[in-house]
Amino acid sequence: MIQTIDGIQFKHMVLHGAAAITLQKQKINDLNVFPVPDGDTGTNMSMTMDAAMVEMEKLSEPTLVKAVDTTASALLRGARGNSGVILSQIFRGICTVLRVSKPEVDTRTFAKAMEQGTKVAYNAVSIPKEGTILTVVRLMSEFAVKVAGKYKDFETFIPAVIAEGDRALAMTPGLLPVLKKAGVVDSGGVG
């Protein structure tokens with residue numbers, strides 16, 4: 001059981017996250033109706049994560065500080081569209097907490113990092129809208145903080161947090177009328 005994450009594991013998390021968004025890119029694009037139905041949320045999130053992936057692949061055995069600094073910097077420079085900017089801000093907040101932690105972090109620290117990612121993302125949007133990626137990440141981080149003491153290994157913690165994200169995502173049409181009218185969940189929240 002993995003009870004702590006170091007720089008190498010964080011690198012792999014980013015690489016796998018980038019690959020997952022790339023695989024879901026078209027599905028995310030097809031759901032895109034807010035703020036405008038331009039069908040590019042998946043593309044923008046994928047391009048943003050690809051920027052981090054390129055930089056992370058250059059690191060062979062990074063420390064946690066090196067991995068999070070590289071990720072935050074690459075995402076900021078590579079952010080595309082509203083969804084990419086919000087995604088980069090979520091990671092900026094997460095990385096701010098992780099970079100001042102020990103060489104390895106546990107689920108409690110990771111939950112605090114998620115909480116900070118939520119705060120940074122909300123502050124980056126001039127008029128935050130509930131029913132979007134912001135709602136999904138907020139509910140995930142609130143849940144993470146609640147269960148981090150209970151789930152001390154990441155193999156249990158991460159799937160539980162993702163499941164909470166799925167529940168939050170399912171709620172988005174009830175929070176944002178344009179989603180309900182289109183019969184879709186928030187595309188950024190899927191990403």
# chains A, B, ... in the order shown; residues from 1 in each chain; ligands from 1
>>> closest_atom_pairs(of="range 68-127 of chain A", to="range 45-62 of chain A", cutoff="10 Å", atoms="only C-alpha atoms", output="tab-separated table")
residue	atom	partner	partner_atom	distance
A:Val68	CA	A:Pro62	CA	9.3
A:Thr70	CA	A:Glu55	CA	6.8
A:Thr71	CA	A:Ala52	CA	5.3
A:Ala72	CA	A:Ala52	CA	7.8
A:Ser73	CA	A:Ala52	CA	8.1
A:Ala74	CA	A:Ala52	CA	4.9
A:Leu75	CA	A:Ala52	CA	5.5
A:Leu76	CA	A:Thr48	CA	8.1
A:Arg77	CA	A:Ala51	CA	7.8
A:Gly78	CA	A:Thr48	CA	5.0
A:Ala79	CA	A:Thr48	CA	4.7
A:Arg80	CA	A:Thr48	CA	5.8
A:Gly81	CA	A:Met45	CA	8.0
A:Asn82	CA	A:Met45	CA	9.0
A:Ser83	CA	A:Met45	CA	6.0
A:Gly84	CA	A:Met45	CA	4.9
A:Val85	CA	A:Thr48	CA	8.1
A:Ile86	CA	A:Met45	CA	9.2
A:Leu87	CA	A:Met45	CA	7.2
A:Ser88	CA	A:Thr48	CA	7.6
>>> residues_around(residues="Thr107 in chain A", least_positions_apart="4", cutoff="9 Å", atoms="only C-alpha atoms", output="VMD selection string")
chain A and resid 3 to 5 111 to 112 144 to 145 147 to 149 151 to 154 157 to 158
>>> select_by_dssp(residues="chain A", states="helix (DSSP H, G or I)", output="PyMOL selection string")
chain A and resi 7-31+41-57+64-78+81-99+107-124+133-147+154-175+177-182+187-190
>>> atom_distance(atom1="CA of Leu175 in chain A", atom2="CA of Asn29 in chain A")
20.1 Å
>>> atom_distance(atom1="CA of Lys25 in chain A", atom2="CA of Val65 in chain A")
29.1 Å
>>> residues_around(residues="Lys119 in chain A", least_positions_apart="3", cutoff="12 Å", atoms="only C-alpha atoms", output="mmCIF file with N, CA, C and O atoms, in the first residue's frame")
data_model
loop_
_atom_site.group_PDB
_atom_site.id
_atom_site.type_symbol
_atom_site.label_atom_id
_atom_site.label_comp_id
_atom_site.auth_asym_id
_atom_site.auth_seq_id
_atom_site.Cartn_x
_atom_site.Cartn_y
_atom_site.Cartn_z
ATOM 1 N N ILE A 86 -8.229 27.364 -15.686
ATOM 2 C CA ILE A 86 -8.750 26.893 -14.398
ATOM 3 C C ILE A 86 -7.985 25.655 -13.946
ATOM 4 O O ILE A 86 -7.594 25.551 -12.781
ATOM 5 N N GLN A 89 -4.713 26.592 -12.545
ATOM 6 C CA GLN A 89 -4.836 27.226 -11.235
ATOM 7 C C GLN A 89 -5.117 26.197 -10.136
ATOM 8 O O GLN A 89 -4.632 26.342 -9.016
ATOM 9 N N ILE A 90 -5.881 25.167 -10.458
ATOM 10 C CA ILE A 90 -6.092 24.075 -9.498
ATOM 11 C C ILE A 90 -4.746 23.462 -9.136
ATOM 12 O O ILE A 90 -4.416 23.303 -7.960
ATOM 13 N N PHE A 91 -3.966 23.154 -10.155
ATOM 14 C CA PHE A 91 -2.648 22.567 -9.909
ATOM 15 C C PHE A 91 -1.710 23.549 -9.217
ATOM 16 O O PHE A 91 -0.897 23.141 -8.382
ATOM 17 N N ARG A 92 -1.809 24.835 -9.545
ATOM 18 C CA ARG A 92 -0.956 25.817 -8.881
ATOM 19 C C ARG A 92 -1.179 25.785 -7.369
ATOM 20 O O ARG A 92 -0.242 25.775 -6.582
ATOM 21 N N GLY A 93 -2.444 25.734 -6.965
ATOM 22 C CA GLY A 93 -2.760 25.666 -5.538
ATOM 23 C C GLY A 93 -2.285 24.366 -4.909
ATOM 24 O O GLY A 93 -1.711 24.372 -3.816
ATOM 25 N N ILE A 94 -2.527 23.257 -5.592
ATOM 26 C CA ILE A 94 -2.072 21.958 -5.089
ATOM 27 C C ILE A 94 -0.560 21.971 -4.912
ATOM 28 O O ILE A 94 -0.031 21.580 -3.869
ATOM 29 N N THR A 96 1.481 24.436 -4.566
ATOM 30 C CA THR A 96 1.951 25.370 -3.534
ATOM 31 C C THR A 96 2.066 24.671 -2.187
ATOM 32 O O THR A 96 3.017 24.880 -1.451
ATOM 33 N N VAL A 97 1.097 23.844 -1.868
ATOM 34 C CA VAL A 97 1.126 23.105 -0.601
ATOM 35 C C VAL A 97 2.150 21.986 -0.654
ATOM 36 O O VAL A 97 2.946 21.800 0.270
ATOM 37 N N LYS A 112 -5.129 18.604 1.912
ATOM 38 C CA LYS A 112 -4.941 20.055 2.133
ATOM 39 C C LYS A 112 -4.513 20.735 0.840
ATOM 40 O O LYS A 112 -4.926 21.866 0.558
ATOM 41 N N ALA A 113 -3.698 20.052 0.063
ATOM 42 C CA ALA A 113 -3.262 20.603 -1.218
ATOM 43 C C ALA A 113 -4.450 20.749 -2.167
ATOM 44 O O ALA A 113 -4.578 21.765 -2.865
ATOM 45 N N MET A 114 -5.332 19.754 -2.186
ATOM 46 C CA MET A 114 -6.530 19.847 -3.015
ATOM 47 C C MET A 114 -7.401 21.020 -2.581
ATOM 48 O O MET A 114 -7.956 21.744 -3.410
ATOM 49 N N GLU A 115 -7.510 21.202 -1.284
ATOM 50 C CA GLU A 115 -8.294 22.318 -0.740
ATOM 51 C C GLU A 115 -7.710 23.654 -1.217
ATOM 52 O O GLU A 115 -8.450 24.562 -1.611
ATOM 53 N N GLN A 116 -6.397 23.771 -1.191
ATOM 54 C CA GLN A 116 -5.750 24.993 -1.664
ATOM 55 C C GLN A 116 -5.938 25.166 -3.168
ATOM 56 O O GLN A 116 -6.141 26.276 -3.648
ATOM 57 N N TYR A 122 -11.003 29.112 -7.548
ATOM 58 C CA TYR A 122 -12.146 30.008 -7.343
ATOM 59 C C TYR A 122 -11.701 31.466 -7.415
ATOM 60 O O TYR A 122 -12.400 32.303 -8.000
ATOM 61 N N ASN A 123 -10.553 31.773 -6.826
ATOM 62 C CA ASN A 123 -10.062 33.156 -6.838
ATOM 63 C C ASN A 123 -9.620 33.604 -8.223
ATOM 64 O O ASN A 123 -9.567 34.806 -8.501
ATOM 65 N N ALA A 124 -9.294 32.661 -9.095
ATOM 66 C CA ALA A 124 -8.833 33.006 -10.443
ATOM 67 C C ALA A 124 -9.978 33.358 -11.385
ATOM 68 O O ALA A 124 -9.755 33.943 -12.440
ATOM 69 N N VAL A 125 -11.202 33.010 -10.993
ATOM 70 C CA VAL A 125 -12.371 33.265 -11.843
ATOM 71 C C VAL A 125 -13.102 34.486 -11.302
ATOM 72 O O VAL A 125 -13.451 34.528 -10.124
ATOM 73 N N PRO A 128 -17.254 33.168 -10.228
ATOM 74 C CA PRO A 128 -17.350 31.702 -10.193
ATOM 75 C C PRO A 128 -18.793 31.232 -10.344
ATOM 76 O O PRO A 128 -19.699 31.807 -9.766
ATOM 77 N N LEU A 134 -15.423 24.005 -11.069
ATOM 78 C CA LEU A 134 -15.165 24.558 -9.736
ATOM 79 C C LEU A 134 -15.961 23.804 -8.666
ATOM 80 O O LEU A 134 -15.435 23.487 -7.606
ATOM 81 N N THR A 135 -17.213 23.523 -8.944
ATOM 82 C CA THR A 135 -18.045 22.772 -8.000
ATOM 83 C C THR A 135 -17.482 21.372 -7.804
ATOM 84 O O THR A 135 -17.380 20.883 -6.671
ATOM 85 N N VAL A 137 -14.395 20.222 -8.254
ATOM 86 C CA VAL A 137 -13.130 20.205 -7.508
ATOM 87 C C VAL A 137 -13.354 20.595 -6.043
ATOM 88 O O VAL A 137 -12.709 20.066 -5.139
ATOM 89 N N ARG A 138 -14.303 21.500 -5.789
ATOM 90 C CA ARG A 138 -14.587 21.898 -4.402
ATOM 91 C C ARG A 138 -15.142 20.727 -3.597
ATOM 92 O O ARG A 138 -14.685 20.448 -2.480
ATOM 93 N N LEU A 139 -16.112 20.041 -4.162
ATOM 94 C CA LEU A 139 -16.708 18.908 -3.444
ATOM 95 C C LEU A 139 -15.704 17.764 -3.273
ATOM 96 O O LEU A 139 -15.693 17.096 -2.237
ATOM 97 N N SER A 141 -12.430 18.172 -2.965
ATOM 98 C CA SER A 141 -11.452 18.565 -1.948
ATOM 99 C C SER A 141 -12.069 18.547 -0.552
ATOM 100 O O SER A 141 -11.407 18.141 0.408
ATOM 101 N N GLU A 142 -13.316 18.963 -0.421
ATOM 102 C CA GLU A 142 -13.988 18.895 0.881
ATOM 103 C C GLU A 142 -14.070 17.440 1.363
ATOM 104 O O GLU A 142 -13.821 17.147 2.530
#
>>> atom_distance(atom1="CA of Val184 in chain A", atom2="CA of Thr41 in chain A")
13.8 Å
>>> residues_around(residues="Ile8 in chain A", least_positions_apart="2", cutoff="7 Å", atoms="only C-alpha atoms", output="list of chain:residue names")
A:Asp6, A:Phe10, A:Lys11, A:His12, A:Glu61, A:Pro62, A:Thr63
>>> closest_residue(among="A:Ala18, A:Gln24, A:Asn32, A:Thr156", to="Ala182 in chain A", atoms="only C-alpha atoms")
A:Asn32
